[in-house]
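Chemist: Structure file input.cif (mmCIF, C-alpha atoms) right here:
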data_work
#
loop_
_atom_site.label_atom_id
_atom_site.label_comp_id
_atom_site.auth_asym_id
_atom_site.auth_seq_id
_atom_site.Cartn_x
_atom_site.Cartn_y
_atom_site.Cartn_z
CA MET A 1 10.74 -68.18 -12.72
CA SER A 2 12.99 -70.67 -11.00
CA PRO A 3 15.43 -73.42 -12.06
CA ASN A 4 12.83 -75.92 -10.88
CA TYR A 5 10.07 -74.49 -13.04
CA SER A 6 9.49 -76.36 -16.30
CA PRO A 7 7.43 -74.45 -18.88
CA SER A 8 6.78 -77.68 -20.80
CA LYS A 9 5.09 -79.37 -17.84
CA ASN A 10 1.28 -79.51 -17.72
CA TRP A 11 0.83 -77.46 -14.57
CA THR A 12 -2.46 -77.59 -12.68
CA VAL A 13 -4.00 -74.73 -10.72
CA CYS A 14 -3.00 -76.41 -7.47
CA GLU A 15 0.59 -76.98 -8.58
CA LEU A 16 1.04 -73.41 -9.79
CA LEU A 17 -0.29 -72.00 -6.55
CA SER A 18 1.88 -74.25 -4.39
CA TRP A 19 5.04 -73.59 -6.43
CA THR A 20 4.46 -69.82 -6.42
CA GLU A 21 3.68 -69.71 -2.71
CA ASN A 22 7.02 -71.39 -1.98
CA TYR A 23 8.81 -69.08 -4.43
CA PHE A 24 7.40 -66.00 -2.70
CA GLN A 25 8.12 -67.35 0.77
CA GLU A 26 11.78 -67.81 -0.19
CA ARG A 27 11.80 -64.09 -1.02
CA ASN A 28 10.24 -63.15 2.33
CA ILE A 29 6.95 -62.01 0.82
CA GLU A 30 4.56 -62.22 3.76
CA SER A 31 1.31 -62.64 1.84
CA ALA A 32 2.73 -65.38 -0.36
CA ARG A 33 -0.39 -67.52 -0.80
CA ILE A 34 -2.82 -64.64 -1.27
CA ASP A 35 -0.48 -62.98 -3.77
CA ALA A 36 -0.22 -66.21 -5.74
CA GLU A 37 -4.01 -66.53 -5.84
CA LEU A 38 -4.56 -62.92 -6.90
CA LEU A 39 -2.00 -63.11 -9.70
CA LEU A 40 -3.23 -66.44 -11.04
CA SER A 41 -6.80 -65.11 -10.93
CA LYS A 42 -5.69 -62.11 -13.00
CA ALA A 43 -3.91 -64.30 -15.52
CA LEU A 44 -6.99 -66.52 -15.84
CA GLY A 45 -9.33 -63.51 -16.13
CA ILE A 46 -11.46 -64.54 -13.14
CA ASP A 47 -11.84 -63.21 -9.60
CA ARG A 48 -10.15 -64.81 -6.61
CA LEU A 49 -13.39 -66.34 -5.29
CA GLU A 50 -13.95 -68.07 -8.60
CA LEU A 51 -10.38 -69.35 -8.51
CA LEU A 52 -10.89 -70.81 -5.04
CA THR A 53 -13.98 -72.70 -6.25
CA LYS A 54 -12.24 -73.88 -9.42
CA ALA A 55 -11.15 -77.49 -9.90
CA PHE A 56 -7.60 -77.34 -8.53
CA GLU A 57 -6.53 -80.25 -10.72
CA GLU A 58 -7.49 -78.39 -13.89
CA VAL A 59 -4.52 -77.89 -16.22
CA VAL A 60 -3.69 -74.25 -16.97
CA ASP A 61 -3.00 -73.56 -20.64
CA GLU A 62 0.36 -72.33 -21.87
CA ALA A 63 -0.74 -68.75 -22.70
CA VAL A 64 -2.10 -68.20 -19.19
CA ARG A 65 1.01 -69.72 -17.66
CA GLY A 66 3.15 -67.29 -19.66
CA ALA A 67 1.22 -64.27 -18.38
CA PHE A 68 1.29 -65.66 -14.85
CA ARG A 69 5.03 -66.30 -15.07
CA GLU A 70 5.65 -62.61 -15.86
CA PHE A 71 3.47 -61.53 -12.93
CA VAL A 72 5.42 -63.81 -10.59
CA LYS A 73 8.79 -62.52 -11.79
CA ARG A 74 7.74 -58.95 -11.16
CA ARG A 75 6.22 -59.71 -7.76
CA GLY A 76 9.42 -61.54 -6.87
CA LYS A 77 11.17 -58.18 -7.35
CA ARG A 78 8.66 -56.68 -4.86
CA GLU A 79 6.40 -54.86 -7.32
CA PRO A 80 3.06 -54.47 -5.49
CA VAL A 81 0.33 -56.92 -6.49
CA ALA A 82 -2.15 -54.08 -6.95
CA TYR A 83 0.04 -52.54 -9.65
CA LEU A 84 0.25 -55.90 -11.42
CA THR A 85 -3.48 -56.55 -11.31
CA GLY A 86 -4.47 -52.88 -11.65
CA GLU A 87 -7.03 -53.18 -8.89
CA LYS A 88 -7.48 -53.26 -5.12
CA GLU A 89 -10.50 -53.70 -2.87
CA PHE A 90 -11.06 -51.05 -0.19
CA TYR A 91 -14.01 -50.84 2.16
CA SER A 92 -15.58 -53.72 0.17
CA LEU A 93 -15.48 -51.57 -2.99
CA PRO A 94 -13.46 -52.05 -6.20
CA PHE A 95 -10.73 -49.53 -7.02
CA GLU A 96 -8.45 -49.06 -9.98
CA VAL A 97 -4.82 -48.71 -8.92
CA THR A 98 -1.87 -47.47 -10.97
CA PRO A 99 1.71 -46.47 -10.06
CA ALA A 100 0.44 -42.86 -9.87
CA VAL A 101 -1.28 -43.59 -6.55
CA LEU A 102 -0.62 -45.35 -3.27
CA THR A 103 -2.21 -48.74 -2.87
CA PRO A 104 -5.19 -48.36 -0.50
CA ARG A 105 -4.41 -49.89 2.92
CA PRO A 106 -6.78 -51.66 5.31
CA GLU A 107 -5.72 -49.29 8.12
CA THR A 108 -7.31 -46.38 6.27
CA GLU A 109 -10.70 -48.06 6.63
CA HIS A 110 -10.63 -46.87 10.26
CA LEU A 111 -10.60 -43.29 8.99
CA VAL A 112 -13.64 -44.00 6.84
CA ASP A 113 -15.40 -45.62 9.82
CA ALA A 114 -14.74 -42.54 11.96
CA ALA A 115 -15.94 -40.17 9.23
CA ILE A 116 -19.17 -42.10 8.65
CA ALA A 117 -19.87 -42.05 12.38
CA LEU A 118 -19.43 -38.27 12.62
CA ALA A 119 -20.82 -36.97 9.33
CA PRO A 120 -24.41 -35.71 9.06
CA ASP A 121 -26.49 -37.18 6.22
CA ASN A 122 -26.02 -34.09 4.04
CA ALA A 123 -22.38 -33.51 5.00
CA ARG A 124 -20.00 -31.34 3.04
CA ILE A 125 -16.69 -33.21 3.20
CA LEU A 126 -13.18 -32.18 2.14
CA ASP A 127 -10.63 -34.92 1.37
CA LEU A 128 -7.08 -33.51 1.30
CA GLY A 129 -4.52 -35.60 -0.60
CA SER A 130 -7.14 -37.84 -2.16
CA GLY A 131 -4.81 -40.10 -4.16
CA SER A 132 -6.81 -42.96 -5.70
CA GLY A 133 -9.97 -41.42 -4.26
CA ASN A 134 -10.52 -44.40 -1.98
CA ILE A 135 -11.57 -42.30 1.03
CA ALA A 136 -13.77 -39.90 -0.94
CA VAL A 137 -15.47 -42.68 -2.89
CA ALA A 138 -16.04 -44.88 0.17
CA LEU A 139 -17.63 -41.92 1.99
CA ALA A 140 -19.82 -41.01 -0.98
CA VAL A 141 -21.06 -44.60 -1.27
CA ASN A 142 -21.80 -44.90 2.45
CA ILE A 143 -23.20 -41.39 3.07
CA PRO A 144 -25.68 -41.01 0.18
CA GLY A 145 -26.45 -37.35 0.92
CA ALA A 146 -22.83 -36.23 1.21
CA ARG A 147 -21.14 -33.83 -1.19
CA ILE A 148 -17.39 -34.28 -1.32
CA THR A 149 -14.50 -32.15 -2.56
CA ALA A 150 -11.31 -34.13 -3.20
CA VAL A 151 -7.97 -32.32 -3.58
CA ASP A 152 -4.64 -33.74 -4.72
CA ILE A 153 -1.47 -32.13 -6.02
CA SER A 154 -1.01 -34.87 -8.64
CA PRO A 155 -3.16 -34.55 -11.78
CA GLN A 156 -2.35 -38.17 -12.62
CA ALA A 157 -3.68 -39.32 -9.25
CA LEU A 158 -6.87 -37.32 -9.74
CA GLU A 159 -7.44 -38.99 -13.11
CA VAL A 160 -7.39 -42.36 -11.32
CA ALA A 161 -9.66 -41.00 -8.58
CA GLU A 162 -12.19 -39.74 -11.12
CA ARG A 163 -12.31 -43.15 -12.77
CA ASN A 164 -12.84 -44.76 -9.37
CA ALA A 165 -15.74 -42.42 -8.65
CA SER A 166 -17.33 -43.48 -11.94
CA LEU A 167 -16.56 -47.14 -11.28
CA ASN A 168 -18.53 -46.91 -8.03
CA GLY A 169 -21.33 -44.71 -9.35
CA VAL A 170 -20.67 -41.59 -7.24
CA GLU A 171 -19.04 -39.28 -9.78
CA ASP A 172 -21.94 -36.82 -9.51
CA ARG A 173 -21.26 -36.16 -5.80
CA ILE A 174 -17.48 -35.73 -5.79
CA GLU A 175 -15.66 -32.69 -7.15
CA PHE A 176 -11.99 -33.30 -7.90
CA ILE A 177 -9.65 -30.29 -7.72
CA PRO A 178 -5.91 -30.31 -8.47
CA GLY A 179 -3.74 -28.34 -6.07
CA ASP A 180 -1.96 -28.13 -2.73
CA LEU A 181 -4.25 -28.54 0.28
CA PHE A 182 -6.52 -25.54 0.99
CA SER A 183 -4.86 -23.33 -1.64
CA ALA A 184 -6.61 -25.42 -4.30
CA LEU A 185 -10.07 -24.34 -3.14
CA PRO A 186 -11.80 -21.54 -5.05
CA GLY A 187 -12.65 -18.36 -3.17
CA GLY A 188 -16.16 -18.34 -1.81
CA THR A 189 -16.19 -22.06 -1.04
CA PRO A 190 -18.34 -22.50 2.10
CA PRO A 191 -16.92 -24.25 5.19
CA PHE A 192 -16.96 -28.04 5.44
CA ASP A 193 -18.64 -30.24 8.04
CA LEU A 194 -15.79 -32.70 7.89
CA ILE A 195 -12.17 -32.54 6.73
CA VAL A 196 -10.34 -35.83 6.27
CA SER A 197 -6.81 -36.62 5.17
CA ASN A 198 -4.32 -39.44 4.85
CA PRO A 199 -1.32 -37.20 4.07
CA PRO A 200 2.32 -38.11 3.43
CA TYR A 201 3.69 -38.75 6.93
CA ILE A 202 6.93 -40.70 6.47
CA ALA A 203 9.98 -38.62 7.40
CA GLY A 204 12.70 -38.53 4.74
CA ALA A 205 15.19 -40.05 7.18
CA GLU A 206 13.00 -43.14 7.44
CA GLU A 207 12.79 -43.79 3.69
CA GLU A 208 15.66 -46.27 3.51
CA GLY A 209 13.98 -48.44 6.13
CA LEU A 210 10.76 -48.86 4.16
CA MET A 211 9.85 -52.12 2.47
CA ASP A 212 11.01 -52.35 -1.14
CA ASP A 213 7.36 -52.65 -2.23
CA VAL A 214 6.83 -49.05 -1.10
CA ARG A 215 10.27 -47.50 -1.51
CA LEU A 216 10.93 -48.75 -5.05
CA PHE A 217 7.46 -48.65 -6.58
CA GLU A 218 4.93 -46.37 -4.89
CA PRO A 219 4.90 -42.61 -5.67
CA ARG A 220 7.29 -40.90 -3.27
CA ILE A 221 5.25 -37.69 -3.30
CA ALA A 222 2.38 -39.64 -1.72
CA PHE A 223 4.19 -41.03 1.33
CA ILE A 224 7.27 -38.88 2.12
CA ASP A 225 6.66 -35.71 4.14
CA SER A 226 8.35 -33.06 2.01
CA ARG A 227 7.01 -30.08 3.97
CA SER A 228 9.81 -29.93 6.52
CA PRO A 229 12.85 -32.24 6.54
CA GLN A 230 13.16 -31.85 10.31
CA SER A 231 9.48 -32.40 11.09
CA ALA A 232 9.55 -36.14 11.93
CA GLY A 233 6.79 -36.59 9.39
CA LEU A 234 4.51 -33.99 10.98
CA GLY A 235 4.77 -31.28 8.31
CA PHE A 236 1.48 -31.96 6.54
CA PHE A 237 -0.42 -32.25 9.81
CA ARG A 238 0.85 -28.80 10.86
CA ASP A 239 -0.07 -27.29 7.50
CA ILE A 240 -3.55 -28.82 7.57
CA LEU A 241 -4.21 -27.51 11.08
CA ASP A 242 -2.74 -24.09 10.28
CA GLY A 243 -5.05 -23.81 7.27
CA LEU A 244 -8.30 -24.81 8.97
CA ASP A 245 -9.55 -21.31 9.71
CA GLY A 246 -12.41 -20.45 7.42
CA TRP A 247 -12.66 -23.95 6.00
CA LEU A 248 -13.95 -25.98 8.98
CA GLY A 249 -17.51 -25.20 9.94
CA GLU A 250 -18.90 -24.77 13.44
CA GLU A 251 -19.07 -28.17 15.15
CA GLY A 252 -17.12 -29.57 12.19
CA SER A 253 -14.53 -32.31 12.68
CA VAL A 254 -11.05 -33.12 11.38
CA ILE A 255 -9.90 -36.73 10.99
CA VAL A 256 -6.41 -37.76 9.87
CA GLU A 257 -4.45 -40.97 9.50
CA VAL A 258 -1.05 -40.92 11.20
CA GLY A 259 2.10 -43.02 11.07
CA ASN A 260 3.46 -45.43 13.60
CA ARG A 261 4.51 -43.59 16.81
CA GLN A 262 2.94 -40.30 15.64
CA GLY A 263 -0.39 -40.57 17.46
CA GLU A 264 0.50 -38.64 20.61
CA ALA A 265 2.41 -35.92 18.72
CA VAL A 266 -0.51 -35.29 16.34
CA GLU A 267 -2.99 -35.44 19.22
CA LYS A 268 -0.95 -32.67 20.89
CA LEU A 269 -1.02 -30.59 17.67
CA PHE A 270 -4.82 -30.96 17.56
CA SER A 271 -5.15 -29.80 21.16
CA GLU A 272 -2.79 -26.86 20.64
CA LYS A 273 -4.97 -25.79 17.71
CA GLY A 274 -7.92 -25.62 20.10
CA LEU A 275 -9.83 -28.58 18.74
CA GLN A 276 -12.14 -30.31 21.20
CA GLU A 277 -12.84 -33.98 21.99
CA VAL A 278 -9.48 -35.00 20.53
CA SER A 279 -9.08 -38.77 20.44
CA ILE A 280 -7.00 -41.57 18.91
CA THR A 281 -8.19 -44.80 17.27
CA ARG A 282 -5.92 -47.83 17.03
CA ASP A 283 -5.75 -50.00 13.91
CA TYR A 284 -5.96 -53.79 13.50
CA ALA A 285 -2.40 -54.10 14.81
CA LYS A 286 -3.24 -51.97 17.89
CA ILE A 287 -1.14 -49.08 16.55
CA SER A 288 -2.38 -45.50 17.02
CA ARG A 289 -3.62 -44.72 13.53
CA ILE A 290 -6.49 -42.19 13.45
CA VAL A 291 -6.61 -38.83 15.24
CA ARG A 292 -9.80 -36.77 15.31
CA GLY A 293 -10.93 -33.51 16.81
CA ARG A 294 -13.95 -31.20 16.70
CA HIS A 295 -14.19 -27.47 16.12
CA GLY A 296 -15.00 -25.83 19.45
#
Would it be possible to restate this file's structure as structure tokens?
Modeler:
Amino acid sequence: MSPNYSPSKNWTVCELLSWTENYFQERNIESARIDAELLLSKALGIDRLELLTKAFEEVVDEAVRGAFREFVKRRGKREPVAYLTGEKEFYSLPFEVTPAVLTPRPETEHLVDAAIALAPDNARILDLGSGSGNIAVALAVNIPGARITAVDISPQALEVAERNASLNGVEDRIEFIPGDLFSALPGGTPPFDLIVSNPPYIAGAEEEGLMDDVRLFEPRIAFIDSRSPQSAGLGFFRDILDGLDGWLGEEGSVIVEVGNRQGEAVEKLFSEKGLQEVSITRDYAKISRIVRGRHG
């Protein structure tokens, strides 16, 4: 791990956490302490809350230290913690995470909040670009009468999403369909009350500026806008809006997550499409993050 790390030393929980926090801080990992706690919890086979109530002076055995040491090496190279632990909490729910899917972000919880506020109890909801299924599953858990269709172009991502639906006990109310946006839907599918999406919205020109955690490890297909190289990351939003006809029911709503500095541009696209009551929600960092609009 580091020249100052001695495998033969009897390291306590407290010492391992302190050493690892410093190690991560030296590598400019912002969530250094939390990452150290999550990885040590995984190595110990306990959850983070249990770790925080554990006797910090307890000596960690050599086998656990070995597993933890490998986690720390990989995190030091910027591999996301969720890929190392295989799990991530979203909307207070547990989710399996693999390198086939993006790690669920806290900002996306605002999209779920907006959808819950707008959806009728028996809503028919379409989730485009479902990824890990975090949005679809969170909506199914929190809107017990909802029926959800989740579409993703990646079969590997949908396999993860299906497992997450089962993990959270909502597999009977979510239909997972492989394919590209609306073209995946079978003919005769009735319109939806709500269409939600967190699509790829990073322009290709911005890829080199992304954090290594994302650029080197997360699936490029899930965050880079491949629809139009000159679209400033707006390609998927245009395609979603262009494909709404026949799929969004009367009084139905569309809710999307957008990238930094895209809020006003996507709001304009919504208005040009003729959607009503178009509005923007800011995230925890006060960045425009969610755009919504209603079928007129």
Chemist: Which residues come within 7 Å of region 156-158 of chain A, counting only C-alpha atoms, excluding same-chain residues fewer than 3 positions away, as a list in words?
Modeler: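 With the cut-off at 7 Å, the set is Ala100, Val101, Gly131, Ser132, Asp152, Ala161, Glu162 and Phe176 of chain A.
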Chemist: Go through the shown structure with the PyMOL selection byres ((chain A and resi 143) around 12) and write out the matching residues as a list in words.
Modeler: Val112, Asp113, Ala115, Ile116, Ala117, Leu118, Ala119, Pro120, Asp121, Asn122, Ala123, Arg124, Ile125, Ile135, Ala136, Val137, Ala138, Leu139, Ala140, Val141, Asn142, Pro144, Gly145, Ala146, Arg147, Ile148, Val170, Arg173 and Ile174 of chain A
Chemist: Residues around (0.6, -29.8, 8.0), cut-off 10 Å, counting all atoms listed in the file - what are they as number ranges by chain?
Modeler: A: 181, 199-201, 225, 227-228, 231, 233-243, 269
Chemist: Compile the contact shell of Ala82 (chain A) as a VMD selection string: residues with an atom at most 9 Å away, counting all atoms listed in the file, same-chain residues fewer than 4 positions apart removed.
Modeler: chain A and resid 86 to 88 96 to 98 103
Chemist: Please put the answer as JSON: centre and edge lengths, in Å with one decimal, of a box along x, y and z that encloses all listed atoms of region 116-131 of chain A plus 3 Å on each side.
Modeler:
{"center_x": -15.5, "center_y": -36.7, "center_z": 4.2, "size_x": 28.0, "size_y": 16.8, "size_z": 22.8}
Chemist: Which residues fall under the PyMOL selection byres ((chain A and resi 67) around 10) in this file, as a ChimeraX atom specification?
Modeler: /A:39-40,42-44,62-66,68-72
Chemist: CA of Ser166 (chain A) to CA of Ala150 (chain A): how many Å, to one decimal?
Modeler: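 CA of Ala150 (chain A) lies at a distance of 14.1 Å from CA of Ser166 (chain A).
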Chemist: Just give me the gap between CA of Pro94 (chain A) and CA of Ile255 (chain A) in Å, one decimal is fine.
Modeler: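 Computed distance, CA of Pro94 (chain A) to CA of Ile255 (chain A), equals 23.3 Å.
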Chemist: What does the distance from CA of Glu107 (chain A) to CA of Ser154 (chain A) come to in Å, to one decimal?
Modeler: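 It comes out at 22.6 Å.
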Chemist: With all atoms listed in the file as the counted atoms, please give the residues lying no more than 12 Å from Glu264 (chain A), apart from itself and same-chain residues fewer than 2 positions off, as a PyMOL selection string.
Modeler: chain A and resi 234+258-262+266-271+278-282+287-292
Chemist: For this structure, which residues satisfy the selection - the PyMOL selection byres ((chain A and resi 215) around 12) - when it is evaluated on the file as given? I want them as a PyMOL selection string.
Modeler: chain A and resi 78-80+102+202+204+206-214+216-224
Chemist: Write to file, as a PDB file, keeping the file's coordinate frame, the residues of the selection just made, with C-alpha atoms.
Modeler:
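In the end it all went to result.pdb:
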ATOM      1  CA  ARG A  78       8.660 -56.680  -4.860  1.00  0.00           C
ATOM      2  CA  GLU A  79       6.400 -54.860  -7.320  1.00  0.00           C
ATOM      3  CA  PRO A  80       3.060 -54.470  -5.490  1.00  0.00           C
ATOM      4  CA  LEU A 102      -0.620 -45.350  -3.270  1.00  0.00           C
ATOM      5  CA  ILE A 202       6.930 -40.700   6.470  1.00  0.00           C
ATOM      6  CA  GLY A 204      12.700 -38.530   4.740  1.00  0.00           C
ATOM      7  CA  GLU A 206      13.000 -43.140   7.440  1.00  0.00           C
ATOM      8  CA  GLU A 207      12.790 -43.790   3.690  1.00  0.00           C
ATOM      9  CA  GLU A 208      15.660 -46.270   3.510  1.00  0.00           C
ATOM     10  CA  GLY A 209      13.980 -48.440   6.130  1.00  0.00           C
ATOM     11  CA  LEU A 210      10.760 -48.860   4.160  1.00  0.00           C
ATOM     12  CA  MET A 211       9.850 -52.120   2.470  1.00  0.00           C
ATOM     13  CA  ASP A 212      11.010 -52.350  -1.140  1.00  0.00           C
ATOM     14  CA  ASP A 213       7.360 -52.650  -2.230  1.00  0.00           C
ATOM     15  CA  VAL A 214       6.830 -49.050  -1.100  1.00  0.00           C
ATOM     16  CA  LEU A 216      10.930 -48.750  -5.050  1.00  0.00           C
ATOM     17  CA  PHE A 217       7.460 -48.650  -6.580  1.00  0.00           C
ATOM     18  CA  GLU A 218       4.930 -46.370  -4.890  1.00  0.00           C
ATOM     19  CA  PRO A 219       4.900 -42.610  -5.670  1.00  0.00           C
ATOM     20  CA  ARG A 220       7.290 -40.900  -3.270  1.00  0.00           C
ATOM     21  CA  ILE A 221       5.250 -37.690  -3.300  1.00  0.00           C
ATOM     22  CA  ALA A 222       2.380 -39.640  -1.720  1.00  0.00           C
ATOM     23  CA  PHE A 223       4.190 -41.030   1.330  1.00  0.00           C
ATOM     24  CA  ILE A 224       7.270 -38.880   2.120  1.00  0.00           C
TER      25      ILE A 224
END
Chemist: Ranking A:Gly188, A:Gly296, A:Pro155, A:Gly45 by minimum distance to Glu251 (chain A) and counting only C-alpha atoms, which one comes first?
Modeler: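 Nearest to Glu251 (chain A): A:Gly296.
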Chemist: My list of candidates is A:Glu272, A:Glu171, A:Glu109, A:Asp283. Which is closest to Asn134 (chain A) when distances are computed with all atoms listed in the file?
Modeler: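 Among A:Glu272, A:Glu171, A:Glu109, A:Asp283, it is A:Glu109 that comes nearest to Asn134 (chain A).
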Chemist: Determine the nearest neighbour of Val256 (chain A) from the options A:His295, A:Leu275, A:Asp127, A:Val151, counting all atoms listed in the file.
Modeler: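 Distance minimum relative to Val256 (chain A) lands on A:Asp127.
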Chemist: Of the candidates A:Arg27, A:Arg75, A:Lys286, A:Arg33, which one gets nearest to Leu52 (chain A) if we count all atoms listed in the file?
Modeler: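 Looking at the shortest contact to Leu52 (chain A), the residue is A:Arg33.
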